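**Student:** If it helps, the file is called coords.cif and holds mmCIF, C-alpha atoms and all ligand atoms:
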```
data_structure
#
loop_
_atom_site.label_atom_id
_atom_site.label_comp_id
_atom_site.auth_asym_id
_atom_site.auth_seq_id
_atom_site.Cartn_x
_atom_site.Cartn_y
_atom_site.Cartn_z
CA MET T 1 20.20 -45.66 -51.50
CA THR T 2 19.78 -45.45 -47.74
CA SER T 3 22.08 -43.10 -45.88
CA LEU T 4 23.27 -45.63 -43.30
CA PRO T 5 25.42 -48.50 -44.56
CA LEU T 6 24.67 -52.19 -44.99
CA VAL T 7 24.95 -54.53 -42.00
CA VAL T 8 25.27 -58.29 -42.54
CA ILE T 9 24.26 -60.67 -39.76
CA THR T 10 24.71 -64.45 -39.90
CA GLY T 11 22.48 -66.68 -37.81
CA ALA T 12 19.72 -64.08 -37.83
CA SER T 13 16.84 -66.55 -37.57
CA SER T 14 16.89 -66.75 -33.77
CA GLY T 15 18.46 -65.67 -30.51
CA ILE T 16 21.28 -63.13 -30.57
CA GLY T 17 21.29 -62.78 -34.37
CA ALA T 18 17.58 -61.98 -34.57
CA ALA T 19 17.89 -59.46 -31.71
CA THR T 20 20.88 -57.86 -33.45
CA ALA T 21 18.87 -57.58 -36.67
CA ARG T 22 16.07 -55.80 -34.81
CA ALA T 23 18.51 -53.44 -33.06
CA PHE T 24 20.36 -52.40 -36.24
CA SER T 25 17.12 -52.05 -38.17
CA ALA T 26 15.73 -49.79 -35.44
CA ALA T 27 18.94 -47.75 -35.73
CA GLY T 28 18.16 -47.27 -39.44
CA HIS T 29 20.50 -49.73 -41.19
CA PRO T 30 19.62 -51.81 -44.23
CA LEU T 31 20.35 -55.48 -43.57
CA LEU T 32 21.42 -58.73 -45.11
CA LEU T 33 20.24 -61.56 -42.86
CA ILE T 34 21.62 -65.06 -43.39
CA ALA T 35 20.45 -68.39 -41.91
CA ARG T 36 19.17 -71.77 -43.08
CA ARG T 37 15.60 -71.02 -41.94
CA LEU T 38 13.93 -68.29 -43.93
CA ALA T 39 10.55 -68.14 -42.17
CA PRO T 40 11.76 -66.80 -38.80
CA MET T 41 13.83 -64.11 -40.57
CA ALA T 42 10.80 -63.10 -42.64
CA ALA T 43 8.70 -63.08 -39.45
CA LEU T 44 10.95 -60.33 -38.04
CA GLY T 45 9.18 -58.09 -40.55
CA LEU T 46 12.09 -55.69 -40.90
CA PRO T 47 12.16 -53.04 -43.63
CA GLU T 48 15.09 -52.79 -46.06
CA ALA T 49 16.20 -56.34 -45.34
CA GLU T 50 17.59 -58.78 -47.87
CA LEU T 51 17.02 -62.33 -46.58
CA ALA T 52 19.26 -65.22 -47.58
CA GLU T 53 18.25 -68.81 -46.87
CA ALA T 54 21.79 -70.13 -46.81
CA ASP T 55 24.16 -72.28 -44.82
CA VAL T 56 27.10 -70.15 -43.66
CA THR T 57 29.44 -72.97 -44.68
CA ASP T 58 28.27 -72.52 -48.30
CA THR T 59 30.65 -69.68 -49.19
CA ALA T 60 29.32 -69.41 -52.75
CA ALA T 61 25.75 -68.90 -51.47
CA VAL T 62 26.90 -66.32 -48.91
CA SER T 63 28.91 -64.54 -51.60
CA ALA T 64 25.91 -64.43 -53.96
CA ALA T 65 23.69 -63.06 -51.18
CA LEU T 66 26.29 -60.43 -50.37
CA ALA T 67 26.44 -59.35 -54.02
CA ARG T 68 22.63 -59.01 -54.13
CA ALA T 69 22.55 -56.96 -50.93
CA GLU T 70 25.44 -54.69 -51.98
CA GLU T 71 23.77 -54.08 -55.32
CA ARG T 72 20.67 -52.94 -53.45
CA PHE T 73 22.17 -51.10 -50.46
CA GLY T 74 25.81 -50.31 -51.23
CA PRO T 75 28.96 -51.75 -49.63
CA VAL T 76 28.84 -53.73 -46.42
CA ASP T 77 30.17 -51.76 -43.45
CA LEU T 78 29.56 -54.35 -40.71
CA LEU T 79 29.66 -58.15 -40.74
CA VAL T 80 28.46 -59.86 -37.56
CA ASN T 81 29.75 -63.44 -37.57
CA ASN T 82 27.14 -64.75 -35.16
CA ALA T 83 25.95 -68.11 -36.57
CA GLY T 84 27.10 -70.85 -34.27
CA LEU T 85 26.23 -74.08 -32.59
CA MET T 86 27.06 -75.73 -29.31
CA ALA T 87 26.72 -79.47 -28.74
CA LEU T 88 27.80 -80.36 -25.21
CA SER T 89 29.07 -83.87 -24.54
CA ALA T 90 32.01 -85.90 -23.34
CA VAL T 91 34.16 -86.38 -26.44
CA ALA T 92 34.12 -90.19 -26.14
CA GLU T 93 30.36 -90.09 -26.56
CA GLN T 94 30.09 -87.28 -29.10
CA ASP T 95 28.70 -87.75 -32.60
CA PRO T 96 31.72 -87.11 -34.90
CA ALA T 97 29.44 -85.21 -37.29
CA LEU T 98 28.79 -82.66 -34.54
CA VAL T 99 32.53 -82.31 -33.89
CA GLN T 100 32.97 -81.40 -37.55
CA GLU T 101 29.91 -79.15 -37.74
CA GLN T 102 30.88 -77.07 -34.69
CA PHE T 103 34.29 -76.29 -36.19
CA ASP T 104 32.86 -75.75 -39.68
CA VAL T 105 30.19 -73.28 -38.55
CA ASN T 106 31.82 -71.59 -35.55
CA CYS T 107 35.32 -71.26 -37.05
CA VAL T 108 35.80 -72.08 -40.74
CA ALA T 109 32.72 -70.22 -41.98
CA LEU T 110 33.62 -67.24 -39.81
CA VAL T 111 37.00 -66.91 -41.53
CA LYS T 112 35.81 -67.66 -45.06
CA ASN T 113 32.90 -65.22 -44.82
CA SER T 114 35.25 -62.58 -43.42
CA GLN T 115 37.38 -63.13 -46.53
CA LEU T 116 34.39 -62.08 -48.63
CA VAL T 117 34.20 -58.62 -47.05
CA LEU T 118 37.77 -57.79 -46.00
CA PRO T 119 39.26 -56.78 -49.37
CA GLY T 120 36.48 -54.21 -49.94
CA MET T 121 36.74 -52.88 -46.40
CA GLN T 122 40.52 -52.57 -46.73
CA GLN T 123 40.11 -50.70 -50.01
CA ARG T 124 37.59 -48.32 -48.46
CA GLY T 125 39.78 -47.89 -45.37
CA ARG T 126 36.82 -48.55 -43.10
CA GLY T 127 34.48 -51.27 -41.95
CA THR T 128 33.88 -53.54 -38.96
CA ILE T 129 33.72 -57.25 -38.32
CA VAL T 130 32.19 -58.41 -35.03
CA ASN T 131 32.89 -62.03 -34.13
CA ILE T 132 30.67 -63.61 -31.51
CA GLY T 133 32.91 -65.56 -29.17
CA SER T 134 31.91 -66.77 -25.74
CA ILE T 135 32.96 -66.87 -22.15
CA ALA T 136 33.75 -70.46 -23.25
CA GLY T 137 36.50 -68.90 -25.37
CA LYS T 138 38.19 -67.72 -22.16
CA GLN T 139 37.76 -70.63 -19.76
CA LEU T 140 37.11 -74.36 -19.84
CA TYR T 141 33.89 -76.03 -18.75
CA ASP T 142 33.01 -79.72 -18.34
CA ASN T 143 31.61 -81.39 -21.49
CA HIS T 144 32.60 -78.35 -23.56
CA VAL T 145 35.82 -79.71 -25.14
CA VAL T 146 34.86 -79.14 -28.78
CA TYR T 147 32.77 -76.01 -28.20
CA ASN T 148 35.55 -74.59 -25.98
CA GLY T 149 38.00 -75.38 -28.79
CA THR T 150 35.92 -73.56 -31.39
CA LYS T 151 35.47 -70.47 -29.24
CA TYR T 152 39.13 -70.32 -28.14
CA ALA T 153 39.91 -70.43 -31.86
CA VAL T 154 37.42 -67.61 -32.53
CA HIS T 155 39.10 -65.47 -29.87
CA ALA T 156 42.58 -66.15 -31.25
CA MET T 157 41.54 -65.51 -34.84
CA THR T 158 39.70 -62.32 -33.90
CA GLU T 159 42.80 -60.90 -32.26
CA GLY T 160 44.94 -61.97 -35.24
CA LEU T 161 42.48 -60.44 -37.69
CA ARG T 162 42.35 -57.29 -35.61
CA ARG T 163 46.14 -56.89 -35.80
CA GLU T 164 46.18 -57.68 -39.52
CA ASN T 165 43.57 -55.04 -40.30
CA ALA T 166 44.54 -52.27 -37.90
CA ALA T 167 46.69 -50.45 -40.44
CA HIS T 168 43.82 -50.60 -42.96
CA GLY T 169 41.47 -48.75 -40.60
CA VAL T 170 39.21 -51.81 -40.40
CA ARG T 171 37.96 -52.84 -36.95
CA VAL T 172 37.72 -56.48 -35.88
CA LEU T 173 35.92 -56.82 -32.54
CA LEU T 174 35.09 -59.66 -30.21
CA VAL T 175 31.81 -59.86 -28.33
CA ALA T 176 31.95 -62.76 -25.87
CA PRO T 177 28.65 -63.48 -24.13
CA GLY T 178 28.08 -65.43 -20.94
CA MET T 179 24.77 -67.26 -20.53
CA VAL T 180 21.97 -65.98 -22.76
CA ASP T 181 18.50 -67.50 -23.11
CA THR T 182 18.35 -68.67 -26.76
CA GLY T 183 17.91 -71.83 -28.79
CA LEU T 184 21.63 -72.69 -28.40
CA LEU T 185 20.99 -75.75 -26.23
CA GLY T 186 19.03 -77.38 -29.06
CA ASN T 187 22.01 -79.50 -30.15
CA THR T 188 22.70 -80.95 -26.69
CA GLY T 189 20.71 -84.14 -26.13
CA GLU T 190 18.60 -84.62 -23.04
CA GLY T 191 20.38 -86.03 -20.00
CA ASP T 192 22.71 -85.09 -17.16
CA VAL T 193 24.81 -82.65 -19.21
CA LEU T 194 21.80 -80.62 -20.29
CA ASP T 195 20.26 -80.82 -16.81
CA GLY T 196 23.51 -79.58 -15.22
CA TYR T 197 23.66 -76.59 -17.58
CA ASN T 198 20.03 -75.71 -16.96
CA ASP T 199 20.34 -76.18 -13.19
CA TYR T 200 23.27 -73.75 -13.03
CA LYS T 201 21.43 -71.24 -15.20
CA LYS T 202 18.38 -71.49 -12.96
CA SER T 203 20.55 -71.06 -9.85
CA ILE T 204 21.77 -67.66 -11.11
CA GLY T 205 18.28 -66.47 -11.99
CA GLY T 206 18.47 -67.23 -15.74
CA GLY T 207 20.61 -65.90 -18.57
CA LEU T 208 20.69 -62.53 -20.26
CA VAL T 209 18.19 -61.87 -23.04
CA PRO T 210 19.43 -61.65 -26.65
CA ASP T 211 18.63 -57.92 -26.70
CA ASP T 212 21.35 -57.40 -24.06
CA ILE T 213 23.99 -58.74 -26.47
CA ALA T 214 22.54 -56.85 -29.43
CA ALA T 215 22.87 -53.64 -27.40
CA ALA T 216 26.56 -54.35 -26.76
CA ILE T 217 27.20 -54.96 -30.47
CA LEU T 218 25.39 -51.76 -31.43
CA ILE T 219 27.31 -49.68 -28.87
CA ALA T 220 30.65 -51.04 -30.12
CA TYR T 221 29.74 -50.42 -33.77
CA GLN T 222 28.43 -46.91 -33.16
CA GLN T 223 31.77 -45.67 -31.82
CA PRO T 224 33.66 -43.54 -34.32
CA GLN T 225 35.69 -45.68 -36.74
CA HIS T 226 38.97 -44.82 -34.99
CA VAL T 227 37.68 -46.24 -31.67
CA SER T 228 37.94 -50.01 -31.31
CA PHE T 229 36.16 -51.79 -28.46
CA ARG T 230 38.45 -54.77 -29.01
CA GLU T 231 36.73 -57.13 -26.66
CA ILE T 232 33.44 -57.04 -24.81
CA VAL T 233 32.64 -59.83 -22.35
CA VAL T 234 29.00 -59.52 -21.39
CA ALA T 235 27.38 -61.92 -18.92
CA PRO T 236 24.72 -61.95 -16.23
CA THR T 237 26.02 -60.14 -13.13
CA SER T 238 25.06 -63.21 -11.12
CA GLN T 239 27.14 -65.60 -13.30
CA ASP T 240 30.18 -66.61 -11.25
CA ALA T 241 31.58 -69.33 -13.53
P1 LIG M 301 20.57 -69.82 -31.43
O1 LIG M 301 20.62 -71.31 -31.52
O2 LIG M 301 19.32 -69.19 -30.95
O3 LIG M 301 21.00 -69.17 -32.82
C1 LIG M 301 21.98 -69.73 -33.63
C2 LIG M 301 21.83 -69.13 -35.01
O4 LIG M 301 22.89 -69.66 -35.84
C3 LIG M 301 20.52 -69.49 -35.67
O5 LIG M 301 20.00 -68.35 -36.30
C4 LIG M 301 20.90 -70.54 -36.69
O6 LIG M 301 20.06 -70.42 -37.85
C5 LIG M 301 22.31 -70.10 -37.03
N1 LIG M 301 23.09 -71.18 -37.63
C6 LIG M 301 23.53 -72.32 -37.05
N2 LIG M 301 24.16 -73.09 -37.95
C7 LIG M 301 24.10 -72.42 -39.13
C8 LIG M 301 24.56 -72.69 -40.44
N3 LIG M 301 25.22 -73.82 -40.73
N4 LIG M 301 24.32 -71.78 -41.42
C9 LIG M 301 23.65 -70.63 -41.14
N5 LIG M 301 23.21 -70.31 -39.92
C10 LIG M 301 23.42 -71.21 -38.93
O7 LIG M 301 21.77 -69.46 -30.44
P2 LIG M 301 22.44 -68.07 -29.99
O8 LIG M 301 21.67 -66.90 -30.46
O9 LIG M 301 22.71 -68.23 -28.55
O10 LIG M 301 23.83 -68.18 -30.75
C11 LIG M 301 24.41 -67.12 -31.49
C12 LIG M 301 25.90 -67.09 -31.20
O11 LIG M 301 26.11 -66.74 -29.83
C13 LIG M 301 26.64 -68.41 -31.40
O12 LIG M 301 27.87 -68.17 -32.06
C14 LIG M 301 26.88 -68.89 -29.99
O13 LIG M 301 28.00 -69.74 -29.90
C15 LIG M 301 27.10 -67.57 -29.28
N6 LIG M 301 26.95 -67.61 -27.82
C16 LIG M 301 25.76 -67.90 -27.23
C17 LIG M 301 25.66 -67.96 -25.85
C18 LIG M 301 24.39 -68.32 -25.15
O14 LIG M 301 24.40 -68.54 -23.93
N7 LIG M 301 23.26 -68.41 -25.84
C19 LIG M 301 26.81 -67.68 -24.98
C20 LIG M 301 28.02 -67.34 -25.72
C21 LIG M 301 28.06 -67.31 -27.07
P3 LIG M 301 19.45 -71.63 -38.71
O15 LIG M 301 19.28 -72.79 -37.78
O16 LIG M 301 18.17 -71.07 -39.23
O17 LIG M 301 20.46 -71.87 -39.78
#
```
Write out the structure in this file as structure tokens.
Ligand code: NDP
**Tutor:**
Amino acid sequence: MTSLPLVVITGASSGIGAATARAFSAAGHPLLLIARRLAPMAALGLPEAELAEADVTDTAAVSAALARAEERFGPVDLLVNNAGLMALSAVAEQDPALVQEQFDVNCVALVKNSQLVLPGMQQRGRGTIVNIGSIAGKQLYDNHVVYNGTKYAVHAMTEGLRRENAAHGVRVLLVAPGMVDTGLLGNTGEGDVLDGYNDYKKSIGGGLVPDDIAAAILIAYQQPQHVSFREIVVAPTSQDA
């Protein structure tokens, strides 16, 4: 068995999740990477990595993958709830399926997958969950009603989970990024809303790179277990909104 403990990252097939996988692998951790697309996770070429082609809303599949990874690498010490989607639109024009999916992936899966690891962490008296929130979990933006709602919920649930687990010695941390250049805009159809987002991003010289967020997650995790970086908001210096 490897000396450093198992790290589980959801949404590891692109963007922030993939960068986080690279960062923790470089730091020497064995990994369980979870996403619906296997090929981009395999293309990362990371050693000691269990790959799970699974939807995070499929709790049974996530649970089975977790069991496989723990069998191979020992108990999970960090879960990064990163998988998420953003579909920007005025609500009157939004596809109801995307309303449902944003809450299912960004919120419900985050809680249910946390339930898979919390009892073990509580028993061991250590462990960390990092939830990826957003600056959109702190302030409202136009055409963000549903996404704002999911991320405000993530922030509230992270703080609640943190309080609930404090006495168990388990850390629950929030990392809330500002604009980052990733595939996140893929669920927002072409048009004025997408153009407005991209125009603002261009006006501030572009977003952060996923590696910037991965570095923040790694720094928070690498603190001693008794030190809790409860909340990290990390955005481009030039982002004023
Ligand atoms: P990407 O679109 O690049 O990555 C999203 C990841 O989530 C992909 O790996 C995708 O994998 C995965 N995912 C989505 N739905 C599911 C699902 N049902 N089951 C399993 N995996 C899923 O975007 P980011 O890297 O930007 O997003 C990562 C997180 O960062 C999200 O929670 C997002 O809200 C948050 N964030 C991003 C910001 C930004 O500006 N980019 C700003 C603030 C927060 P696959 O499609 O293979 O399943």
**Student:** To check your reading of the model: which residues sit at most 7 Å from ligand LIG 301 (chain M) when counting only C-alpha atoms and all ligand atoms? Write the answer as a PyMOL selection string.
**Tutor:** chain T and resi 10-17+34-38+54-57+82-86+105-106+132-136+176-186+210
**Student:** Find, counting only C-alpha atoms, the residue in T:Arg230, T:Gly189, T:Val146, T:Pro96 that gets nearest to Thr158 in chain T.
**Tutor:** T:Arg230
**Student:** What is the CA of Ser25 in chain T to CA of Leu4 in chain T distance in Å?
**Tutor:** 10.3 Å
**Student:** Set the distance at 9 Å and use all atoms listed in the file: which residues neighbour Leu118 in chain T once local chain neighbours fewer than 5 positions away are removed? I'd like the list as JSON, numbers by chain.
**Tutor:** {"T": [113, 123, 127, 129, 165, 170]}
**Student:** Which one is closest to Ala43 in chain T: T:Arg22, T:Ile213, T:Gly149, T:Gly169? Count all atoms listed in the file.
**Tutor:**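 Counting all atoms listed in the file, the residue closest to Ala43 in chain T is T:Arg22.
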**Student:** Contacts of Leu78 in chain T at 9 Å or less, counting all atoms listed in the file, minus same-chain residues fewer than 6 places along, as a list in words?
**Tutor:** Pro5, Leu6, Val7, Val8, Ile9, Val117, Gly127, Thr128, Ile129, Val130 and Tyr221 of chain T
**Student:** Would you mind reading off the distance between CA of Ala49 in chain T and CA of Pro30 in chain T, one decimal, in Å?
**Tutor:**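 Separation between CA of Ala49 in chain T and CA of Pro30 in chain T: 5.8 Å.
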**Student:** Just checking: using only C-alpha atoms, which residue out of T:Leu79, T:Val227, T:Ala69, T:Ala60 ends up closest to Ala21 in chain T?
**Tutor:**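 With only C-alpha atoms as the atom set, the closest residue is T:Leu79.
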**Student:** Between T:Arg163, T:Asn81, T:Ser89, T:Phe73, which one has atoms that come closest to Gly191 in chain T, using only C-alpha atoms?
**Tutor:**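 Among T:Arg163, T:Asn81, T:Ser89, T:Phe73, it is T:Ser89 that comes nearest to Gly191 in chain T.
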**Student:** Counting all atoms listed in the file, figure out which residue out of T:Tyr197, T:Gly137, T:Gly125, T:Asn143 gets nearest to His226 in chain T.
**Tutor:**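 Result for the nearest residue to His226 in chain T: T:Gly125.
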**Student:** Using all atoms listed in the file and a cutoff of 7 Å, can you tell me which residues are near (26.5, -78.9, -31.1) in the file's coordinates, and write them out as an mmCIF file with C-alpha atoms, keeping the file's coordinate frame?
**Tutor:**
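Contents of part32.cif, freshly written:
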```cif
data_model
loop_
_atom_site.group_PDB
_atom_site.id
_atom_site.type_symbol
_atom_site.label_atom_id
_atom_site.label_comp_id
_atom_site.auth_asym_id
_atom_site.auth_seq_id
_atom_site.Cartn_x
_atom_site.Cartn_y
_atom_site.Cartn_z
ATOM 1 C CA LEU T 85 26.230 -74.080 -32.590
ATOM 2 C CA MET T 86 27.060 -75.730 -29.310
ATOM 3 C CA ALA T 87 26.720 -79.470 -28.740
ATOM 4 C CA LEU T 88 27.800 -80.360 -25.210
ATOM 5 C CA LEU T 98 28.790 -82.660 -34.540
ATOM 6 C CA GLN T 102 30.880 -77.070 -34.690
ATOM 7 C CA ASN T 187 22.010 -79.500 -30.150
ATOM 8 C CA THR T 188 22.700 -80.950 -26.690
#
```
**Student:** Find the residues near Gln239 in chain T: any atom within 10 Å, counting all atoms listed in the file, skip ones fewer than 5 places away on the same chain, and give them as a PyMOL selection string.
**Tutor:** chain T and resi 178-179+200-201+203-208
**Student:** Identify which of the residues T:Asp95, T:Glu190, T:Asp104, T:Asp195 lies closest to Ala153 in chain T, counting all atoms listed in the file when measuring atom-to-atom distances.
**Tutor:**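 Nearest candidate to Ala153 in chain T out of T:Asp95, T:Glu190, T:Asp104, T:Asp195: T:Asp104.
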**Student:** One decimal, Å: what's the distance from CA of Leu33 in chain T over to CA of Glu50 in chain T, could you say?
**Tutor:**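 Interatomic distance, CA of Leu33 in chain T to CA of Glu50 in chain T: 6.3 Å.
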**Student:** Could you list, as a VMD selection string, every residue within 8 Å of Asp211 in chain T, counting all atoms listed in the file and ignoring same-chain residues fewer than 5 positions away?
**Tutor:** chain T and resid 16 19 to 20 23
